[in-house]
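Asker: One structure follows; several queries about it will come next.
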Amino acid sequence: MKRKPQPIKIYRSTPWIIAFCALASSIANLVTGIVLLCLFKSGGDIALGILTIVFAVCGIAGSIVALVFIVRQNRYNQTKARFMAQVSHELRTPMTSIRMYADTLSLHRFKDEAEEDELIEHMNAEIGRMEYLIKQILDSKPIDNSQKVVFKTRLQDALHEVVASFFADKSNEGRLDVDIDDTVPEIAIDPRDFSHAASNLIRNALTHGGTGRVYISFNRDGNVAVLRVRDEGKGIDEAMKKKIFEPFERGDNTTDSGIPGFGLGLSIVRDFARQYGAKVEVDNAPQGGAIFTIAMKLI
């Protein structure tokens with residue numbers, strides 16, 4: 001009976017070992033070539049020394065490139081594992097709650113219609129939370145403008161619609177302060193992409209900016225149109241400013257705070273700015289809280 005061949009196991013350290021061995025061998029060849037040049041006795045020694053050095057340099061360059069790819073692959077694997085862990089954690093919570101409410105309703109474990117309505121309301125809230133999480137994942141895909149024809153449009157109209165959707169949520173009542181200049185010229189930006197970015201900035205301020213007000217403004221400043229979103233939270237640490245637009249970054253102590261999300265909202269904003277040549281910045285406002293700014297060229 002033939003033994004089934006076993007798959008070869010490749011450990012995480014294997015690529016590193018191979019790359020470092022290749023690098024060490026190339027460095028040794030480089031040293032050998034230099035020695036041959038220094039101690040040459042004939043033209044053949046010089047030719048051999050130069051040839052050895054050339055091969056050594058090529059080997060060193062190849063080893064460095066391999067190490068760069070290994071580092072990138074490790075970062076990708078870590079990001080993927082982190083993403084899957086967060087998706088599992090964030091989606092499991094509302095799914096468990098929905099199942100619990102559904103079981104309670106199906107088994108009629110409620111006292112009266114008022115309690116039944118309350119259970120249904122809680123279930124709808126958890127479904128809304130799942131919809132928001134799934135939408136974050138779908139919206140996080142890079143914006144592709146390679147085959148997109150973009151015409152100039154009034155972004156303030158798109159912003160009015162975004163703000164209206166937040167006003168429709170009763171939990172935001174009394175928290176939004178809006179100042180939109182309707183005279184800002186048209187800009188060659190897809191209003192749907194702009195709406196995604198603006199929506200994520202506003203939602204981020206409402207979610208992570210404490211319980212205070214959120215100030216939204218859109219106006220012209222020279223040859224750029226500027227969207228500003230400011231909250232009344234505790235602001236952002238200097239160290240966090242450098243990485244807050246990276247995927248899965250959620251700030252300090254937000255991962256276990258019960259706030260839904262994968263930390264993708266601000267990375268969507270960054271991708272939008274990159275695709276349209278805009279500039280996105282974050283700073284601590286003089287009045288307190290964080291202020292996010294997107295500056296878009298009018299010309």
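If you're wondering about the labels, chains in the structure tokens are A, B, ... by order shown, residues count from 1 in each chain, ligands from 1 in order shown.
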Residues within 6 Å of Gly233 in chain A, please, as a list in words. Count only C-alpha atoms; anything in the same chain fewer than 5 positions from it doesn't count.

Answerer: Gly209, Gly210 and Gly289 of chain A

Asker: Store the residues picked out above in a file with all heavy atoms, as a PDB file, in the first residue's frame.

Answerer:
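again_12.pdb, written as the output of this step:
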```pdb
ATOM      1  N   GLY A 209     -16.754  61.470  19.591  1.00  0.00           N
ATOM      2  CA  GLY A 209     -16.528  62.827  20.083  1.00  0.00           C
ATOM      3  C   GLY A 209     -17.287  63.163  21.346  1.00  0.00           C
ATOM      4  O   GLY A 209     -17.563  64.344  21.595  1.00  0.00           O
ATOM      5  N   GLY A 210     -17.626  62.163  22.134  1.00  0.00           N
ATOM      6  CA  GLY A 210     -18.358  62.416  23.371  1.00  0.00           C
ATOM      7  C   GLY A 210     -19.834  62.664  23.104  1.00  0.00           C
ATOM      8  O   GLY A 210     -20.381  62.312  22.051  1.00  0.00           O
ATOM      9  N   GLY A 289     -11.824  69.480  21.539  1.00  0.00           N
ATOM     10  CA  GLY A 289     -12.290  68.459  20.623  1.00  0.00           C
ATOM     11  C   GLY A 289     -11.402  68.352  19.396  1.00  0.00           C
ATOM     12  O   GLY A 289     -10.435  69.096  19.228  1.00  0.00           O
TER      13      GLY A 289
END
```

Asker: Skipping near chain neighbours, those fewer than 4 positions away, what residues fall within 10 Å of range 57-67 of chain A using only C-alpha atoms, listed as JSON, numbers by chain?

Answerer: {"A": [15, 16, 18, 19, 20, 21, 22, 23, 24, 25, 26, 27, 29, 30, 51, 52, 53, 71, 72, 73]}

Asker: Could you give me, as a list in words, the residues within 9 Å of Leu298 in chain A, counting only C-alpha atoms and dropping anything in the same chain fewer than 4 positions from it?

Answerer: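 Selected residues are Pro185, Glu186, Ile187, Ala188, Arg220, Gly222, Asn223, Val224 and Ala225 of chain A.
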
Asker: Select, from A:Ile244, A:Ile98, A:Ala56, A:Ile134, the residue with the minimum atom-to-atom distance to His122 in chain A, counting only C-alpha atoms.

Answerer: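 Closest candidate: A:Ile98.
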
Asker: Which residues in range 121-248 of chain A does DSSP call alpha helix (DSSP H)? List them as an NGL selection string.

Answerer: :A and (121-139 or 155-167 or 191-208 or 238-241)

Asker: Would you give me, as a ChimeraX atom specification, the residues in range 197-257 of chain A that DSSP reads as strand (DSSP E or B)?

Answerer: /A:214-221,224-230

Asker: For Asp231 in chain A, find every residue with an atom within 12 Å (counting only C-alpha atoms), except residues of its own chain fewer than 3 positions away, and show them as an mmCIF file with N, CA and C atoms, in the first residue's frame.

Answerer:
```
data_model
loop_
_atom_site.group_PDB
_atom_site.id
_atom_site.type_symbol
_atom_site.label_atom_id
_atom_site.label_comp_id
_atom_site.auth_asym_id
_atom_site.auth_seq_id
_atom_site.Cartn_x
_atom_site.Cartn_y
_atom_site.Cartn_z
ATOM 1 N N ARG A 175 -27.740 67.814 18.452
ATOM 2 C CA ARG A 175 -26.286 67.647 18.482
ATOM 3 C C ARG A 175 -25.585 68.199 17.252
ATOM 4 N N LEU A 176 -26.319 68.494 16.193
ATOM 5 C CA LEU A 176 -25.693 68.905 14.946
ATOM 6 C C LEU A 176 -25.834 70.406 14.713
ATOM 7 N N ASP A 177 -24.729 71.052 14.412
ATOM 8 C CA ASP A 177 -24.710 72.470 14.061
ATOM 9 C C ASP A 177 -24.134 72.578 12.647
ATOM 10 N N LEU A 201 -17.023 60.962 8.326
ATOM 11 C CA LEU A 201 -16.484 61.980 9.228
ATOM 12 C C LEU A 201 -17.513 62.375 10.284
ATOM 13 N N ILE A 202 -18.746 62.586 9.847
ATOM 14 C CA ILE A 202 -19.803 62.999 10.784
ATOM 15 C C ILE A 202 -20.110 61.882 11.773
ATOM 16 N N ARG A 203 -20.200 60.670 11.273
ATOM 17 C CA ARG A 203 -20.490 59.538 12.165
ATOM 18 C C ARG A 203 -19.360 59.334 13.175
ATOM 19 N N ASN A 204 -18.126 59.514 12.712
ATOM 20 C CA ASN A 204 -16.981 59.388 13.611
ATOM 21 C C ASN A 204 -17.061 60.419 14.732
ATOM 22 N N ALA A 205 -17.436 61.665 14.388
ATOM 23 C CA ALA A 205 -17.540 62.722 15.399
ATOM 24 C C ALA A 205 -18.669 62.434 16.389
ATOM 25 N N LEU A 206 -19.796 61.957 15.887
ATOM 26 C CA LEU A 206 -20.929 61.650 16.767
ATOM 27 C C LEU A 206 -20.625 60.472 17.679
ATOM 28 N N THR A 207 -19.855 59.500 17.162
ATOM 29 C CA THR A 207 -19.590 58.276 17.915
ATOM 30 C C THR A 207 -18.451 58.435 18.905
ATOM 31 N N HIS A 208 -17.366 59.061 18.465
ATOM 32 C CA HIS A 208 -16.154 59.123 19.287
ATOM 33 C C HIS A 208 -15.900 60.503 19.883
ATOM 34 N N GLY A 209 -16.754 61.470 19.591
ATOM 35 C CA GLY A 209 -16.528 62.827 20.083
ATOM 36 C C GLY A 209 -17.287 63.163 21.346
ATOM 37 N N GLY A 210 -17.626 62.163 22.134
ATOM 38 C CA GLY A 210 -18.358 62.416 23.371
ATOM 39 C C GLY A 210 -19.834 62.664 23.104
ATOM 40 N N THR A 211 -20.486 63.311 24.046
ATOM 41 C CA THR A 211 -21.928 63.563 23.946
ATOM 42 C C THR A 211 -22.243 64.999 23.558
ATOM 43 N N GLY A 212 -21.214 65.782 23.244
ATOM 44 C CA GLY A 212 -21.416 67.191 22.907
ATOM 45 C C GLY A 212 -21.905 67.376 21.482
ATOM 46 N N ARG A 213 -21.868 68.613 21.027
ATOM 47 C CA ARG A 213 -22.339 68.947 19.693
ATOM 48 C C ARG A 213 -21.273 68.652 18.640
ATOM 49 N N VAL A 214 -21.745 68.498 17.415
ATOM 50 C CA VAL A 214 -20.854 68.295 16.268
ATOM 51 C C VAL A 214 -21.101 69.432 15.286
ATOM 52 N N TYR A 215 -20.040 70.123 14.897
ATOM 53 C CA TYR A 215 -20.142 71.291 14.037
ATOM 54 C C TYR A 215 -19.667 70.926 12.628
ATOM 55 N N ILE A 216 -20.541 71.123 11.657
ATOM 56 C CA ILE A 216 -20.253 70.773 10.267
ATOM 57 C C ILE A 216 -20.289 72.051 9.426
ATOM 58 N N SER A 217 -19.226 72.301 8.669
ATOM 59 C CA SER A 217 -19.197 73.491 7.811
ATOM 60 C C SER A 217 -18.627 73.111 6.445
ATOM 61 N N ARG A 228 -15.326 70.891 7.027
ATOM 62 C CA ARG A 228 -14.794 70.762 8.384
ATOM 63 C C ARG A 228 -15.835 70.091 9.273
ATOM 64 N N LYS A 234 -12.550 64.796 23.683
ATOM 65 C CA LYS A 234 -11.294 65.036 24.391
ATOM 66 C C LYS A 234 -10.126 65.336 23.455
ATOM 67 N N GLY A 235 -10.375 65.313 22.138
ATOM 68 C CA GLY A 235 -9.300 65.582 21.194
ATOM 69 C C GLY A 235 -8.517 64.324 20.861
ATOM 70 N N ILE A 236 -7.423 64.504 20.135
ATOM 71 C CA ILE A 236 -6.611 63.386 19.648
ATOM 72 C C ILE A 236 -5.163 63.594 20.048
ATOM 73 N N VAL A 282 -6.230 66.288 10.439
ATOM 74 C CA VAL A 282 -6.898 66.253 11.729
ATOM 75 C C VAL A 282 -6.068 67.047 12.724
ATOM 76 N N ASP A 283 -6.756 67.777 13.587
ATOM 77 C CA ASP A 283 -6.053 68.581 14.587
ATOM 78 C C ASP A 283 -6.980 68.749 15.788
ATOM 79 N N ASN A 284 -6.433 69.273 16.861
ATOM 80 C CA ASN A 284 -7.238 69.601 18.032
ATOM 81 C C ASN A 284 -7.688 71.054 17.933
ATOM 82 N N ALA A 285 -8.988 71.263 17.993
ATOM 83 C CA ALA A 285 -9.549 72.605 17.827
ATOM 84 C C ALA A 285 -9.253 73.468 19.054
ATOM 85 N N PRO A 286 -9.076 74.779 18.879
ATOM 86 C CA PRO A 286 -8.835 75.675 20.019
ATOM 87 C C PRO A 286 -9.978 75.623 21.042
ATOM 88 N N GLN A 287 -11.206 75.394 20.548
ATOM 89 C CA GLN A 287 -12.366 75.331 21.458
ATOM 90 C C GLN A 287 -12.440 74.004 22.206
ATOM 91 N N GLY A 288 -11.584 73.058 21.821
ATOM 92 C CA GLY A 288 -11.640 71.725 22.395
ATOM 93 C C GLY A 288 -12.194 70.738 21.393
ATOM 94 N N GLY A 289 -11.824 69.480 21.539
ATOM 95 C CA GLY A 289 -12.290 68.459 20.623
ATOM 96 C C GLY A 289 -11.402 68.352 19.396
ATOM 97 N N ALA A 290 -11.752 67.404 18.530
ATOM 98 C CA ALA A 290 -10.993 67.182 17.302
ATOM 99 C C ALA A 290 -11.703 67.834 16.129
ATOM 100 N N ILE A 291 -10.916 68.281 15.157
ATOM 101 C CA ILE A 291 -11.475 68.875 13.945
ATOM 102 C C ILE A 291 -10.829 68.211 12.737
ATOM 103 N N PHE A 292 -11.665 67.648 11.875
ATOM 104 C CA PHE A 292 -11.222 66.999 10.648
ATOM 105 C C PHE A 292 -11.521 67.918 9.475
#
```
